[in-house]
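Source file input30.txt; content: compact mmCIF, C-alpha atoms and all ligand atoms.
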# COMPACT_ATOMS: atom_id res chain seq x y z
CA MET A 25 30.30 -61.48 -19.90
CA SER A 26 27.28 -63.71 -19.34
CA THR A 27 25.44 -65.06 -22.35
CA PRO A 28 21.92 -63.80 -23.01
CA LEU A 29 20.53 -67.26 -22.39
CA ALA A 30 22.09 -67.39 -18.93
CA ARG A 31 20.36 -64.21 -17.79
CA THR A 32 17.11 -63.98 -15.90
CA PRO A 33 13.94 -64.80 -17.85
CA LEU A 34 12.01 -61.94 -19.46
CA ALA A 35 9.41 -60.19 -17.36
CA SER A 36 6.10 -60.47 -19.17
CA THR A 37 5.39 -56.75 -19.60
CA PRO A 38 8.00 -54.86 -21.65
CA LEU A 39 9.21 -51.50 -20.31
CA VAL A 40 8.50 -50.01 -23.72
CA GLU A 41 6.60 -51.54 -26.60
CA LEU A 42 6.01 -50.26 -30.11
CA ASP A 43 3.36 -52.09 -32.05
CA ASP A 44 2.92 -51.42 -35.77
CA VAL A 45 4.03 -47.81 -35.34
CA SER A 46 4.17 -45.35 -38.22
CA LYS A 47 5.30 -41.77 -38.64
CA TYR A 48 4.88 -39.41 -41.58
CA TYR A 49 6.56 -36.07 -42.19
CA GLY A 50 3.99 -34.43 -44.45
CA ASN A 51 3.60 -37.16 -47.05
CA ILE A 52 7.08 -38.61 -46.53
CA ARG A 53 6.82 -41.98 -44.86
CA ALA A 54 9.62 -42.10 -42.30
CA LEU A 55 8.35 -45.24 -40.49
CA GLU A 56 5.69 -47.81 -41.18
CA GLY A 57 4.68 -50.93 -39.30
CA VAL A 58 7.57 -50.96 -36.85
CA SER A 59 7.28 -53.14 -33.76
CA LEU A 60 9.79 -53.64 -30.98
CA GLU A 61 9.98 -54.40 -27.28
CA VAL A 62 12.38 -53.12 -24.66
CA HIS A 63 12.88 -55.39 -21.65
CA ALA A 64 14.72 -54.81 -18.38
CA GLY A 65 18.24 -56.21 -18.53
CA ARG A 66 18.16 -56.64 -22.32
CA ILE A 67 19.71 -54.76 -25.23
CA THR A 68 17.61 -54.19 -28.33
CA CYS A 69 19.65 -53.01 -31.31
CA VAL A 70 18.13 -50.97 -34.11
CA LEU A 71 20.16 -51.25 -37.29
CA GLY A 72 19.72 -49.46 -40.58
CA ASP A 73 21.40 -47.40 -43.25
CA ASN A 74 21.24 -43.61 -43.60
CA GLY A 75 17.65 -42.44 -43.84
CA ALA A 76 16.26 -45.79 -42.68
CA GLY A 77 14.27 -44.14 -39.91
CA LYS A 78 16.46 -44.88 -36.86
CA SER A 79 16.46 -41.32 -35.50
CA THR A 80 12.73 -40.99 -36.15
CA LEU A 81 12.16 -44.14 -34.12
CA ILE A 82 14.12 -42.92 -31.12
CA LYS A 83 12.55 -39.46 -31.31
CA ILE A 84 9.18 -41.15 -30.77
CA ILE A 85 10.51 -43.10 -27.77
CA ALA A 86 12.27 -39.98 -26.42
CA GLY A 87 9.15 -37.81 -26.61
CA LEU A 88 10.40 -35.44 -29.33
CA HIS A 89 7.86 -36.62 -31.93
CA THR A 90 4.48 -38.28 -31.63
CA HIS A 91 3.66 -41.30 -33.77
CA ASP A 92 0.86 -41.21 -36.34
CA GLY A 93 -0.26 -44.83 -36.29
CA GLY A 94 0.05 -47.98 -34.19
CA THR A 95 0.50 -48.17 -30.42
CA PHE A 96 3.24 -47.04 -28.09
CA ARG A 97 3.11 -48.51 -24.59
CA ILE A 98 5.14 -47.77 -21.48
CA ASP A 99 4.83 -50.44 -18.77
CA GLY A 100 1.92 -51.88 -20.70
CA GLU A 101 -0.03 -48.63 -20.76
CA GLU A 102 -0.85 -46.94 -24.08
CA THR A 103 0.91 -43.60 -24.30
CA SER A 104 1.69 -40.68 -26.55
CA LEU A 105 4.51 -38.58 -25.13
CA SER A 106 4.31 -34.83 -25.56
CA SER A 107 7.84 -33.82 -24.53
CA PRO A 108 11.32 -35.17 -23.71
CA ARG A 109 10.68 -34.07 -20.10
CA GLU A 110 7.67 -36.37 -19.95
CA ALA A 111 9.78 -39.24 -21.33
CA LEU A 112 12.41 -38.60 -18.66
CA ASP A 113 9.78 -38.49 -15.91
CA ARG A 114 8.62 -41.90 -17.09
CA GLY A 115 12.14 -43.27 -16.84
CA ILE A 116 13.30 -42.99 -20.47
CA ALA A 117 16.73 -41.36 -20.83
CA THR A 118 18.18 -40.64 -24.26
CA VAL A 119 21.85 -40.06 -25.02
CA TYR A 120 22.25 -38.26 -28.33
CA GLN A 121 25.36 -38.53 -30.42
CA ASP A 122 26.11 -34.81 -30.15
CA LEU A 123 25.95 -34.89 -26.35
CA ALA A 124 24.54 -31.75 -24.80
CA VAL A 125 27.44 -30.91 -22.49
CA VAL A 126 29.10 -27.66 -21.48
CA PRO A 127 32.72 -28.34 -22.52
CA LEU A 128 34.41 -25.90 -20.10
CA MET A 129 32.48 -27.05 -17.02
CA PRO A 130 33.92 -29.77 -14.79
CA VAL A 131 32.77 -33.35 -15.22
CA TRP A 132 30.79 -33.27 -11.92
CA ARG A 133 28.96 -30.10 -13.00
CA ASN A 134 27.90 -31.72 -16.27
CA PHE A 135 26.90 -34.87 -14.43
CA PHE A 136 24.35 -32.88 -12.40
CA LEU A 137 23.40 -30.31 -15.05
CA GLY A 138 19.78 -29.31 -14.51
CA SER A 139 19.40 -31.43 -11.33
CA GLU A 140 21.89 -29.81 -8.93
CA PRO A 141 21.47 -30.65 -5.23
CA THR A 142 21.58 -27.70 -2.82
CA LYS A 143 22.22 -27.31 0.87
CA GLY A 144 21.15 -24.69 3.40
CA VAL A 145 17.88 -22.76 3.31
CA GLY A 146 16.71 -19.28 2.35
CA PRO A 147 19.57 -16.83 1.69
CA PHE A 148 22.10 -19.51 2.72
CA LYS A 149 21.00 -21.91 0.03
CA ARG A 150 23.85 -22.90 -2.26
CA LEU A 151 24.98 -25.71 -4.53
CA ASP A 152 26.27 -28.71 -2.67
CA VAL A 153 29.55 -28.93 -4.58
CA GLU A 154 31.17 -31.54 -2.35
CA LEU A 155 28.20 -33.87 -2.67
CA MET A 156 28.21 -33.48 -6.46
CA ARG A 157 31.95 -34.17 -6.67
CA GLU A 158 31.77 -37.21 -4.44
CA THR A 159 28.64 -38.64 -6.07
CA THR A 160 30.07 -38.20 -9.57
CA ARG A 161 33.29 -39.92 -8.57
CA ALA A 162 31.43 -42.77 -6.84
CA GLU A 163 28.89 -43.28 -9.62
CA LEU A 164 31.58 -43.37 -12.30
CA LEU A 165 33.58 -45.83 -10.24
CA ARG A 166 30.51 -48.01 -9.75
CA MET A 167 30.28 -48.27 -13.53
CA GLY A 168 34.00 -49.10 -13.57
CA ILE A 169 35.08 -45.68 -14.89
CA ASP A 170 38.12 -44.45 -12.99
CA LEU A 171 38.48 -40.79 -13.93
CA ARG A 172 41.70 -39.20 -12.74
CA ASP A 173 39.95 -36.00 -11.79
CA VAL A 174 36.25 -35.12 -11.80
CA ASP A 175 37.25 -31.43 -11.71
CA GLN A 176 38.65 -31.48 -15.23
CA PRO A 177 36.52 -29.78 -17.90
CA ILE A 178 34.36 -32.37 -19.66
CA GLY A 179 35.68 -31.02 -22.97
CA THR A 180 39.06 -32.57 -22.16
CA LEU A 181 37.58 -36.10 -22.09
CA SER A 182 37.63 -38.27 -25.19
CA GLY A 183 34.37 -38.83 -27.10
CA GLY A 184 34.15 -42.33 -25.65
CA GLU A 185 34.63 -41.14 -22.07
CA ARG A 186 31.93 -38.52 -22.54
CA GLN A 187 29.52 -41.20 -23.75
CA CYS A 188 30.37 -43.24 -20.65
CA VAL A 189 29.70 -40.28 -18.34
CA ALA A 190 26.32 -39.79 -20.04
CA ILE A 191 25.46 -43.47 -19.52
CA ALA A 192 26.52 -43.35 -15.83
CA ARG A 193 24.39 -40.22 -15.40
CA ALA A 194 21.29 -41.94 -16.79
CA VAL A 195 21.86 -44.89 -14.45
CA HIS A 196 22.35 -42.59 -11.44
CA PHE A 197 19.18 -40.61 -12.09
CA GLY A 198 17.15 -43.79 -12.09
CA ALA A 199 16.41 -44.31 -15.79
CA LYS A 200 14.64 -47.57 -16.55
CA VAL A 201 15.17 -47.32 -20.29
CA LEU A 202 18.35 -46.04 -21.91
CA VAL A 203 18.27 -45.02 -25.57
CA LEU A 204 21.63 -44.52 -27.28
CA ASP A 205 21.85 -42.94 -30.73
CA GLU A 206 24.94 -44.25 -32.51
CA PRO A 207 27.22 -43.98 -29.45
CA THR A 208 30.17 -45.54 -31.31
CA ALA A 209 29.76 -43.84 -34.70
CA ALA A 210 32.61 -41.37 -34.29
CA LEU A 211 34.89 -43.64 -32.25
CA GLY A 212 37.89 -45.82 -33.02
CA VAL A 213 38.02 -49.54 -32.27
CA LYS A 214 39.37 -49.28 -28.73
CA GLN A 215 37.06 -46.49 -27.57
CA SER A 216 34.07 -48.24 -29.13
CA GLY A 217 34.96 -51.27 -27.04
CA VAL A 218 35.00 -49.18 -23.87
CA VAL A 219 31.61 -47.64 -24.64
CA LEU A 220 30.09 -51.06 -25.42
CA LYS A 221 31.38 -52.27 -22.05
CA TYR A 222 29.39 -49.53 -20.30
CA VAL A 223 26.34 -50.25 -22.42
CA ALA A 224 26.60 -53.81 -21.08
CA ALA A 225 27.09 -52.43 -17.55
CA ALA A 226 23.85 -50.44 -17.86
CA ARG A 227 22.10 -53.63 -18.97
CA ASP A 228 23.57 -55.50 -15.99
CA ALA A 229 22.26 -52.71 -13.73
CA GLY A 230 18.80 -53.78 -14.96
CA LEU A 231 18.05 -51.08 -17.53
CA GLY A 232 16.36 -51.86 -20.81
CA VAL A 233 18.67 -50.56 -23.52
CA VAL A 234 17.93 -49.47 -27.10
CA LEU A 235 21.15 -49.24 -29.07
CA ILE A 236 21.02 -47.52 -32.45
CA THR A 237 23.91 -48.32 -34.72
CA HIS A 238 24.82 -49.02 -38.30
CA ASN A 239 27.64 -51.30 -37.22
CA PRO A 240 26.49 -54.95 -37.07
CA HIS A 241 29.75 -55.97 -35.35
CA HIS A 242 29.07 -53.63 -32.44
CA ALA A 243 25.43 -54.67 -32.30
CA TYR A 244 26.26 -58.37 -32.29
CA LEU A 245 28.76 -58.02 -29.43
CA VAL A 246 26.14 -56.81 -26.97
CA GLY A 247 22.66 -57.19 -28.48
CA ASP A 248 19.92 -59.65 -27.50
CA ARG A 249 17.53 -58.62 -30.30
CA PHE A 250 18.21 -56.98 -33.66
CA VAL A 251 15.65 -54.91 -35.50
CA LEU A 252 16.63 -54.01 -39.05
CA LEU A 253 15.07 -50.94 -40.67
CA LYS A 254 15.08 -50.29 -44.40
CA ARG A 255 13.53 -47.15 -45.84
CA GLY A 256 11.21 -46.85 -42.88
CA VAL A 257 9.95 -50.42 -42.80
CA MET A 258 11.06 -53.29 -40.62
CA ALA A 259 13.13 -55.56 -42.84
CA ALA A 260 13.87 -58.11 -40.11
CA SER A 261 13.78 -58.79 -36.39
CA HIS A 262 16.10 -61.45 -34.99
CA THR A 263 17.03 -62.79 -31.60
CA LYS A 264 20.72 -63.40 -31.07
CA ASP A 265 20.38 -67.16 -31.33
CA SER A 266 18.41 -66.95 -34.58
CA VAL A 267 21.02 -65.07 -36.61
CA THR A 268 24.79 -65.19 -37.15
CA LEU A 269 26.99 -62.13 -37.40
CA ASP A 270 27.65 -62.92 -41.06
CA GLU A 271 23.96 -63.10 -41.85
CA LEU A 272 23.23 -59.88 -39.95
CA THR A 273 26.05 -58.10 -41.78
CA ARG A 274 24.80 -59.40 -45.11
CA GLN A 275 21.23 -58.26 -44.45
CA MET A 276 22.46 -54.94 -43.17
CA ALA A 277 24.61 -54.31 -46.24
CA GLY A 278 21.75 -55.42 -48.48
CA GLY A 279 23.30 -58.59 -49.92
CA SER A 280 21.91 -58.27 -53.45
CA GLU A 281 22.51 -54.50 -53.63
CA LEU A 282 26.15 -55.11 -52.75
CA GLU A 283 26.36 -57.75 -55.47
CA ASP A 284 24.97 -55.26 -58.05
CA LEU A 285 27.54 -52.69 -56.94
CA ARG A 286 30.34 -55.21 -57.36
CA HIS A 287 29.25 -55.94 -60.93
CA GLU A 288 29.03 -52.23 -61.68
CA LEU A 289 32.51 -51.57 -60.31
CA GLU A 290 33.95 -54.49 -62.24
CA ARG A 291 32.52 -53.15 -65.48
CA ALA A 292 34.17 -49.74 -65.01
CA PRO A 293 37.09 -49.57 -67.51
CA ALA A 294 40.59 -49.37 -66.03
CA PRO A 295 42.66 -46.33 -67.06
CA SER A 296 44.42 -47.28 -70.32
CA ARG A 297 48.15 -47.54 -70.66
CA VAL A 298 49.85 -47.62 -74.04
CA GLY A 299 52.20 -50.54 -74.71
CA GLY A 300 52.70 -51.18 -71.00
CA HIS A 301 54.38 -47.79 -70.51
CA ASP A 302 53.12 -44.84 -68.57
CA ALA A 303 51.79 -42.02 -70.71
CA PRO A 304 54.59 -39.59 -71.70
CA PRO A 305 54.96 -36.56 -69.46
CA ALA A 306 53.20 -33.44 -70.59
CA PRO A 307 55.50 -31.02 -72.44
N1 LIG J 1 11.83 -33.36 -39.79
C1 LIG J 1 11.74 -34.05 -40.95
N2 LIG J 1 10.98 -33.57 -41.97
C2 LIG J 1 10.85 -34.26 -43.14
N3 LIG J 1 11.45 -35.43 -43.38
C3 LIG J 1 12.22 -35.96 -42.41
C4 LIG J 1 12.41 -35.30 -41.15
N4 LIG J 1 13.22 -36.05 -40.39
C5 LIG J 1 13.53 -37.14 -41.12
N5 LIG J 1 12.93 -37.09 -42.33
C6 LIG J 1 13.01 -38.12 -43.38
O1 LIG J 1 12.61 -39.37 -42.83
C7 LIG J 1 13.44 -40.42 -43.27
C8 LIG J 1 14.09 -41.14 -42.08
O2 LIG J 1 15.00 -40.26 -41.45
P1 LIG J 1 15.82 -40.57 -40.11
O3 LIG J 1 16.54 -39.34 -39.71
O4 LIG J 1 14.92 -41.19 -39.13
O5 LIG J 1 16.86 -41.66 -40.63
P2 LIG J 1 18.14 -42.32 -39.91
O6 LIG J 1 17.98 -43.79 -40.03
O7 LIG J 1 18.29 -41.76 -38.55
O8 LIG J 1 19.34 -41.86 -40.84
P3 LIG J 1 20.86 -41.48 -40.47
O9 LIG J 1 21.62 -42.77 -40.37
O10 LIG J 1 21.30 -40.70 -41.68
O11 LIG J 1 20.85 -40.68 -39.22
C9 LIG J 1 14.44 -39.81 -44.22
O12 LIG J 1 13.97 -40.00 -45.54
C10 LIG J 1 14.44 -38.35 -43.86
O13 LIG J 1 14.76 -37.55 -44.98
MG MG J 2 19.83 -40.62 -37.60
Written as structure tokens, that's how I'd like the structure from this file.
Ligand SMILES: Nc1ncnc2c1ncn2[C@@H]1O[C@H](COP(=O)(O)OP(=O)(O)OP(=O)(O)O)[C@@H](O)[C@H]1O
Ligand SMILES: [Mg+2]
Amino acid sequence: MSTPLARTPLASTPLVELDDVSKYYGNIRALEGVSLEVHAGRITCVLGDNGAGKSTLIKIIAGLHTHDGGTFRIDGEETSLSSPREALDRGIATVYQDLAVVPLMPVWRNFFLGSEPTKGVGPFKRLDVELMRETTRAELLRMGIDLRDVDQPIGTLSGGERQCVAIARAVHFGAKVLVLDEPTAALGVKQSGVVLKYVAAARDAGLGVVLITHNPHHAYLVGDRFVLLKRGVMAASHTKDSVTLDELTRQMAGGSELEDLRHELERAPAPSRVGGHDAPPAP
């Protein structure tokens, strides 16, 4: 894999830019003063604990929620998206953790769900099944995914493979920005590695990627920029060469909070044993 420094220089206008963005749910502050940029061929990681505001942030980028303050720009133009459809039309594809797939339908059918090509006209119009099969196979192969059979139900694929199909689909349909919500959260070590490889492949295909995760190890493997959220505010923003994995992990875990927890756990009394023997069995 190439190093971030070896890749092409940044284009001056980010694909997506959040500047000092905030979002309130009633009077609950979910986000305040968050800024980030998404560039073509770069991976921006958003890290944070439960409730930090990660999903809120991507819902704004994905067009599910509108922001309350600050500016949201797409290709340099100030925007407020009103629906996920509008986000998609502007080249922003979002892959949610609970992927919206139809488990019993073949892989190729899911690949084209909602955008099926047809052939013939008038009463002879029908789905172009062969084209869908062939395109799915070819697109997956192009991403380096060699599925045995694109006719198998997508429900028979592993969680990691399904994430990969969703990434390949976004690339095929011409997304410029790919937003991934915790794609490795439910996966083991090996499958996480496979998914991260395809995240890198999407980056190499020129997409700007936003990777949401609470795993600093996964983020550090592929990320160019790390934005750390804590209770809705931006706790840090680092480039890869300005932070080590250890430091990122420490900030992510909340160094001092972890230290307090350690003290607390150490103070907890151990279960007592009398005279070095186990307590006598109950009568
Ligand atoms: N629809 C909503 N109405 C009211 N409060 C909400 C709503 N959605 C989120 N929140 C609150 O906003 C804050 C941020 O939530 P968010 O879901 O963005 O966090 P997260 O970082 O994605 O967490 P997790 O890791 O648990 O998914 C939380 O305090 C949450 O309770
Ligand atoms: Mg979330």
All residues 8 Å or closer to A:Pro130, only C-alpha atoms, same chain fewer than 3 positions away omitted, as a PDB file with C-alpha atoms, in the frame of the given file:
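That gives us part-v3.pdb:
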ATOM      1  CA  PRO A 127      32.720 -28.340 -22.520  1.00  0.00           C
ATOM      2  CA  ARG A 133      28.960 -30.100 -13.000  1.00  0.00           C
ATOM      3  CA  ASN A 134      27.900 -31.720 -16.270  1.00  0.00           C
ATOM      4  CA  VAL A 174      36.250 -35.120 -11.800  1.00  0.00           C
ATOM      5  CA  ASP A 175      37.250 -31.430 -11.710  1.00  0.00           C
ATOM      6  CA  GLN A 176      38.650 -31.480 -15.230  1.00  0.00           C
ATOM      7  CA  PRO A 177      36.520 -29.780 -17.900  1.00  0.00           C
ATOM      8  CA  ILE A 178      34.360 -32.370 -19.660  1.00  0.00           C
TER       9      ILE A 178
END
Contacts with ligand MG 2 (chain J) at most 10 Å, all atoms listed in the file counted, listed as a list in words:
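If we count all atoms listed in the file, the neighbours of ligand MG 2 (chain J) turn out to be Gly72, Asp73, Asn74, Gly75, Ala76, Gly77, Lys78, Ser79, Thr80, Leu81, Ile82, Lys83, Tyr120, Gln121, Asp205, Glu206, Ile236, Thr237 and His238 of chain A.
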Tell me, as JSON, numbers by chain, which residues lie within 8 Å of A:Leu164, counting all atoms listed in the file; anything in the same chain fewer than 6 positions away does not count.
{"A": [170, 171, 189, 192]}
If you take all atoms listed in the file and a cut-off of 7 Å, which residues of stretch 53-91 of chain A touch stretch 34-45 of chain A, and what are their nearest atom pairs and distances in Å to one decimal, in chain and number order, as JSON lines?
{"residue": "A:Glu56", "atom": "CA", "partner": "A:Val45", "partner_atom": "CA", "distance": 6.1}
{"residue": "A:Gly57", "atom": "CA", "partner": "A:Asp44", "partner_atom": "CA", "distance": 4.0}
{"residue": "A:Val58", "atom": "CA", "partner": "A:Asp44", "partner_atom": "CA", "distance": 4.8}
{"residue": "A:Ser59", "atom": "CA", "partner": "A:Asp43", "partner_atom": "CA", "distance": 4.4}
{"residue": "A:Leu60", "atom": "CA", "partner": "A:Leu42", "partner_atom": "CA", "distance": 5.1}
{"residue": "A:Glu61", "atom": "CA", "partner": "A:Glu41", "partner_atom": "CA", "distance": 4.5}
{"residue": "A:Val62", "atom": "CA", "partner": "A:Val40", "partner_atom": "CA", "distance": 5.1}
{"residue": "A:His63", "atom": "CA", "partner": "A:Pro38", "partner_atom": "CA", "distance": 4.9}
{"residue": "A:Ala64", "atom": "CA", "partner": "A:Leu39", "partner_atom": "CA", "distance": 6.7}
{"residue": "A:His91", "atom": "CA", "partner": "A:Val45", "partner_atom": "CA", "distance": 6.7}
Find the spatial neighbours of A:Ala224, counting only C-alpha atoms, within a cut-off of 12 Å - ignore same-chain residues fewer than 5 positions away - and output them as a PyMOL selection string.
chain A and resi 25-28+65-68+167-168+188+191-192+202+217-219+229-235+242-243+245-248
Kindly compute an axis-aligned box around the listed atoms of ligand LIG 1 (chain J), allowing 5 Å on each side, and express its centre and edge lengths in Å to one decimal as lines of an AutoDock Vina configuration file.
center_x = 16.2
center_y = -38.6
center_z = -42.0
size_x = 20.8
size_y = 20.4
size_z = 17.0
